[in-house]
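**Q** Mind looking over this structure? Questions follow.
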Amino acid sequence: MREFTKIDILNKKIDLIKEDIQNENTIEIVWGIITLVIAGFGIILIFTGFTGLIKHQTTELEINLRKNIDLPRYYSNCQSCYIKFSPLVSYGKEKDNKNNYAFCLECYNNGCFIEPDLTFEEMKKRILKNTSSLDQKRQKEIIESFEKTVRWRKDNY
Ligand SMILES: [Zn+2]
């Protein structure tokens, strides 16, 4: 009877050790899975980041291509009076009623300038008059902006 108990206890011990080993194995497996999941996420992140980068580059390339191929070009300001285009400021119209995206409707309609004989000198006078409340430095900056427009660029003379 005593012997039996001893064996029983031994068996129990062995069982416990087995269980311990199994538990350790389970923990290892769980850790393995967690590591795999994290690694998987990492790979997915890298992959999406990479494809995102490629996509971004392609869009940029497309935009650049469009800029070069697609005419007309789009401007944020009228290239004659420098008013900022907005839903309230319409684009100029060509003879066929198509938009001219460089000039506003106040400056350009029916395929030609409203004031075709307007010189830059005259335009400058108007600018100075309209901006008389501003300091000279700001006025100079505004005139410089005008000098960069399609209509008033020096190489257009
Ligand atoms: Zn205009």
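Simple scheme: letters A, B, ... for chains in structure tokens order, numbers from 1 for residues in each chain, numbers from 1 for ligands in the order shown.
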Give one line per residue of chain A that approaches ligand 1 to at most 7 Å, naming the two atoms of the closest pair and their distance in Å to one decimal, counting only C-alpha atoms and all ligand atoms; sort by chain then ascending residue number and deliver it as a tab-separated table.

**A**
residue	atom	partner	partner_atom_place_in_ligand_line	distance
A:Cys78	CA	ligand 1	1 (Zn)	4.6
A:Gln79	CA	ligand 1	1 (Zn)	6.5
A:Ser80	CA	ligand 1	1 (Zn)	4.9
A:Cys81	CA	ligand 1	1 (Zn)	4.0
A:Tyr82	CA	ligand 1	1 (Zn)	5.9
A:Ile83	CA	ligand 1	1 (Zn)	5.8
A:Phe103	CA	ligand 1	1 (Zn)	5.2
A:Cys104	CA	ligand 1	1 (Zn)	4.1
A:Leu105	CA	ligand 1	1 (Zn)	6.5
A:Glu106	CA	ligand 1	1 (Zn)	5.4
A:Cys107	CA	ligand 1	1 (Zn)	4.3

**Q** Report the residues of segment 27-116 of chain A whose backbone DSSP state falls under strand (DSSP E), written as a ChimeraX atom specification.

**A** /A:91-93,99-104,108-109,112-113

**Q** Looking at A:Lys6, A:Arg73, A:Lys140, A:Lys95, which one is nearest to Leu128 of chain A, with distances taken over only C-alpha atoms?

**A**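 Selected residue with least distance to Leu128 of chain A: A:Lys140.
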
**Q** Counting only C-alpha atoms, what is within 9 Å of Gly111 of chain A, bar same-chain residues fewer than 4 positions away, as a PyMOL selection string?

**A** chain A and resi 92-97+100

**Q** Could you work out how far atom CA of Gln136 of chain A lies from atom CA of Val150 of chain A, giving the answer in Å with one decimal?

**A**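 Value for the atom CA of Val150 of chain A-atom CA of Gln136 of chain A distance: 24.0 Å.
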
**Q** With a distance cut-off of 12 Å and only C-alpha atoms, select the neighbouring residues of segment 117-119 of chain A, excluding the residue or stretch itself and same-chain residues fewer than 4 positions from it, and output the selection as a PDB file with N, CA and C atoms, in the first residue's frame.

**A**
ATOM      1  N   SER A  80      -4.329  88.845 -65.977  1.00  0.00           N
ATOM      2  CA  SER A  80      -4.368  90.222 -66.457  1.00  0.00           C
ATOM      3  C   SER A  80      -4.598  91.177 -65.285  1.00  0.00           C
ATOM      4  N   CYS A  81      -5.666  90.941 -64.494  1.00  0.00           N
ATOM      5  CA  CYS A  81      -5.955  91.849 -63.379  1.00  0.00           C
ATOM      6  C   CYS A  81      -5.597  91.235 -62.029  1.00  0.00           C
ATOM      7  N   CYS A 107     -11.826  90.657 -67.744  1.00  0.00           N
ATOM      8  CA  CYS A 107     -10.692  91.043 -68.588  1.00  0.00           C
ATOM      9  C   CYS A 107     -10.808  90.463 -69.992  1.00  0.00           C
ATOM     10  N   CYS A 112     -11.350  87.831 -76.855  1.00  0.00           N
ATOM     11  CA  CYS A 112     -10.354  88.909 -76.813  1.00  0.00           C
ATOM     12  C   CYS A 112     -10.431  89.691 -75.510  1.00  0.00           C
ATOM     13  N   PHE A 113      -9.389  90.497 -75.253  1.00  0.00           N
ATOM     14  CA  PHE A 113      -9.379  91.305 -74.031  1.00  0.00           C
ATOM     15  C   PHE A 113     -10.467  92.371 -74.106  1.00  0.00           C
ATOM     16  N   MET A 123      -1.949 100.072 -66.427  1.00  0.00           N
ATOM     17  CA  MET A 123      -2.333  99.073 -65.422  1.00  0.00           C
ATOM     18  C   MET A 123      -1.654  99.389 -64.094  1.00  0.00           C
ATOM     19  N   LYS A 124      -0.378  99.767 -64.171  1.00  0.00           N
ATOM     20  CA  LYS A 124       0.397 100.093 -62.966  1.00  0.00           C
ATOM     21  C   LYS A 124      -0.252 101.250 -62.214  1.00  0.00           C
ATOM     22  N   LYS A 125      -0.674 102.269 -62.988  1.00  0.00           N
ATOM     23  CA  LYS A 125      -1.338 103.434 -62.371  1.00  0.00           C
ATOM     24  C   LYS A 125      -2.578 102.983 -61.605  1.00  0.00           C
ATOM     25  N   ARG A 126      -3.343 102.085 -62.247  1.00  0.00           N
ATOM     26  CA  ARG A 126      -4.564 101.597 -61.597  1.00  0.00           C
ATOM     27  C   ARG A 126      -4.241 100.819 -60.327  1.00  0.00           C
ATOM     28  N   ARG A 151      -0.190  88.120 -69.229  1.00  0.00           N
ATOM     29  CA  ARG A 151      -0.423  89.325 -70.028  1.00  0.00           C
ATOM     30  C   ARG A 151       0.691  90.347 -69.880  1.00  0.00           C
ATOM     31  N   TRP A 152       1.254  90.470 -68.677  1.00  0.00           N
ATOM     32  CA  TRP A 152       2.192  91.566 -68.430  1.00  0.00           C
ATOM     33  C   TRP A 152       3.642  91.132 -68.300  1.00  0.00           C
ATOM     34  N   ARG A 153       3.908  89.861 -68.559  1.00  0.00           N
ATOM     35  CA  ARG A 153       5.311  89.404 -68.518  1.00  0.00           C
ATOM     36  C   ARG A 153       6.118  90.174 -69.546  1.00  0.00           C
ATOM     37  N   LYS A 154       7.359  90.503 -69.164  1.00  0.00           N
ATOM     38  CA  LYS A 154       8.174  91.332 -70.056  1.00  0.00           C
ATOM     39  C   LYS A 154       8.416  90.677 -71.408  1.00  0.00           C
ATOM     40  N   ASN A 156       6.539  89.188 -73.144  1.00  0.00           N
ATOM     41  CA  ASN A 156       5.354  89.238 -73.983  1.00  0.00           C
ATOM     42  C   ASN A 156       5.267  90.532 -74.795  1.00  0.00           C
ATOM     43  N   TYR A 157       6.164  91.489 -74.467  1.00  0.00           N
ATOM     44  CA  TYR A 157       6.091  92.768 -75.178  1.00  0.00           C
ATOM     45  C   TYR A 157       6.533  92.617 -76.621  1.00  0.00           C
TER      46      TYR A 157
END

**Q** When distances are computed from only C-alpha atoms, which of A:Trp31, A:Glu122, A:Thr5, A:Lys84 shows the smallest separation from Tyr101 of chain A?

**A**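 Counting only C-alpha atoms, the residue closest to Tyr101 of chain A is A:Lys84.
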